[in-house]
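Remarks on the structure that follows.
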Amino acid sequence: MGTLDGKVAIVSGSGRGIGREVALKLASEGASVVINDLDKVPADETVAAITSAGGRAVACVGSVTEEGFADRFVATAIDSFGGLDIIVNNAGYTWDTVIQKMTDEQWDAILDVHLKAPFRILRAAQPYIKANPTEYHRKVVNVSSVSGQYGNPGQANYSSAKAGVIGLTKTMAKEWGRYKVNVNAVAYGFILTRMTEATAADDATVEIEGRQIKVGVSPQIAEAVKRTNPFGRPGTPSEAAGAIYLLCTQEANYISAQVLTVDGGSR
């Protein structure tokens with residue numbers, strides 16, 4: 001018996017990285033999971049990993065910033081598995097530069113994916129949650145960052161978006177408490193993903209929605225993370241997923257409107 005047996009979860013950005021590990025963890029504890037990614041291949045691979053292990057999962061491919069995506073995401077859970085109990089707003093990426101070089105496009109793109117998309121998903125879920133009360137507590141976990149708590153040079157857009165996620169979290173906890181929904185956030189420090197791997201190449205990029213986005217950090221930054229972290233290393237996606245899972249359990253029923261910092265004690 002898993003701790004999440006019978007629950008239905010949607011996890012944005014779950015084809016890769018932290019989101020994938022979140023989906024795998026929730027599924028391993030019995031939840032049926034809707035997988036989302038921009039690209040079909042990683043979404044299908046995550047679905048296959050879950051179903052081959054005996055779990056239940058379907059894909060909902062597309063950008064969380066698309067008009068109508070939020071409604072489609074929520075409907076996929078209800079139509080495929082008959083309900084919606086856990087919402088994890090995880091999708092996102094960084095597009096960094098100092099403010100004098102930051103374009104309106106950079107600002108808008110990052111605010112849209114990290115803040116407007118979670119707002120839309122929660123708005124789309126509200127009618128179902130209100131109309132279908134439960135004896136147990138539903139869970140929302142929004143992904144923020146230590147950049148949203150403390151700021152970070154070169155990330156005016158990302159830091160602002162992640163600070164906004166904290167405000168959204170605290171407000172939704174107050175609005176949805178009457179529905180027996182816990183709304184919390186996790187603020188990640190340095191977690192090792194394809195976006196943060198150390199690289200000496202200045203031109204390492206990935207394509208995201210038709211844009212070439214620089215990824216990776218310099219070896220110097222990677223070494224600095226090791227020096228300043230009490231554990232001497234960055235976090236892993238699996239460890240990051242564990243924090244979200246904790247907030248999805250019924251043991252967390254009286255925890256709401258909180259921000260759990262997941263940085264290995266660096267701050």
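Naming scheme: A, B, ... for chains in displayed order of the structure tokens; residues 1 onward per chain; ligands 1 onward as shown.
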Next on the checklist: Quick check for you: according to DSSP on this backbone, which residues of stretch 50-208 of chain A are classed as strand (DSSP E)? Reply as a PyMOL selection string.
Outcome noted: chain A and resi 56-59+86-89+138-145+181-188+205-208
Item to check | Spatial neighbours of stretch 14-17 of chain A, max dist 10 Å, only C-alpha atoms, sep filter under 3 positions, as a PyMOL selection string | outcome: chain A and resi 10-11+20-24+33-47+59+61+88-91+191-195+236-238+240-241
Checklist entry - Which value, in Å to one decimal, gives the distance between atom CA of A:Glu135 and atom CA of A:Lys180? => result 8.3 Å
Checklist entry - With distances taken over only C-alpha atoms, which of A:Gln106, A:Glu197, A:Thr51, A:Lys7 is nearest to A:Gln212? => result A:Gln106
Checklist entry - A:Val262, A:Ile166, A:Ala70, A:Val183: which is nearest A:Ile121, counting only C-alpha atoms? => result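 Smallest distance to A:Ile121 is found for A:Ala70.
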Rows by chain and residue number, stretch 45-122 of chain A within 12 Å of stretch 172-176 of chain A, shortest pair, only C-alpha atoms, as a tab-separated table:
residue	atom	partner	partner_atom	distance
A:Pro118	CA	A:Met172	CA	11.2
A:Phe119	CA	A:Met172	CA	9.6
A:Leu122	CA	A:Met172	CA	8.7
Would you write out those residues with N, CA and C atoms, as an mmCIF file, in the first residue's frame?
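Produced file result_6.cif, reproduced below:
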data_model
loop_
_atom_site.group_PDB
_atom_site.id
_atom_site.type_symbol
_atom_site.label_atom_id
_atom_site.label_comp_id
_atom_site.auth_asym_id
_atom_site.auth_seq_id
_atom_site.Cartn_x
_atom_site.Cartn_y
_atom_site.Cartn_z
ATOM 1 N N PRO A 118 1.371 28.738 -13.377
ATOM 2 C CA PRO A 118 0.771 28.182 -12.160
ATOM 3 C C PRO A 118 -0.547 28.840 -11.790
ATOM 4 N N PHE A 119 -0.640 30.169 -11.945
ATOM 5 C CA PHE A 119 -1.899 30.869 -11.705
ATOM 6 C C PHE A 119 -3.017 30.296 -12.562
ATOM 7 N N LEU A 122 -4.005 26.670 -11.403
ATOM 8 C CA LEU A 122 -4.807 26.685 -10.179
ATOM 9 C C LEU A 122 -6.204 27.240 -10.449
#
Next on the checklist: At a cut-off of 12 Å, using only C-alpha atoms, what residues contact A:Ala53? Leave out same-chain residues fewer than 2 positions from it and give the result as a list of chain:residue names.
Outcome noted: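 Non-adjacent residues within range: A:Leu24, A:Lys25, A:Ala27, A:Ser28, A:Glu29, A:Gly30, A:Thr46, A:Val47, A:Ala48, A:Ala49, A:Ile50, A:Thr51, A:Gly55, A:Arg56, A:Ala57.
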Next on the checklist: Measuring between only C-alpha atoms, which one of A:Gly177, A:Gly265, A:Pro153, A:Gly164 shows the shortest distance to A:Phe190?
Outcome noted: A:Gly265
Checklist entry - What is the distance, in Å and to one decimal place, between atom CA of A:Gly13 and atom CA of A:Gly92? => result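 Interatomic distance, atom CA of A:Gly13 to atom CA of A:Gly92: 7.0 Å.
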Next on the checklist: Given only C-alpha atoms as the basis, pick out the residue of A:Val98, A:Ile86, A:Ile244, A:Val141 nearest to A:Ile129.
Outcome noted: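 The answer is A:Ile86, which sits nearest to A:Ile129.
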Item to check | For A:Lys116, the nearest of the candidates A:Phe69, A:Tyr179, A:Trp95, A:Tyr128, counting only C-alpha atoms | outcome: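 The shortest atom-to-atom distance to A:Lys116 comes from A:Phe69.
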Item to check | DSSP-assigned alpha helix (DSSP H) members of stretch 77-257 of chain A, reported as a ChimeraX atom specification | outcome: /A:77-81,104-111,117-131,146-150,156-176,219-228,237-248
Item to check | Straight-line distance linking atom CA of A:Ser160 with atom CA of A:Ile208, stated in Å to one decimal | outcome: 20.4 Å
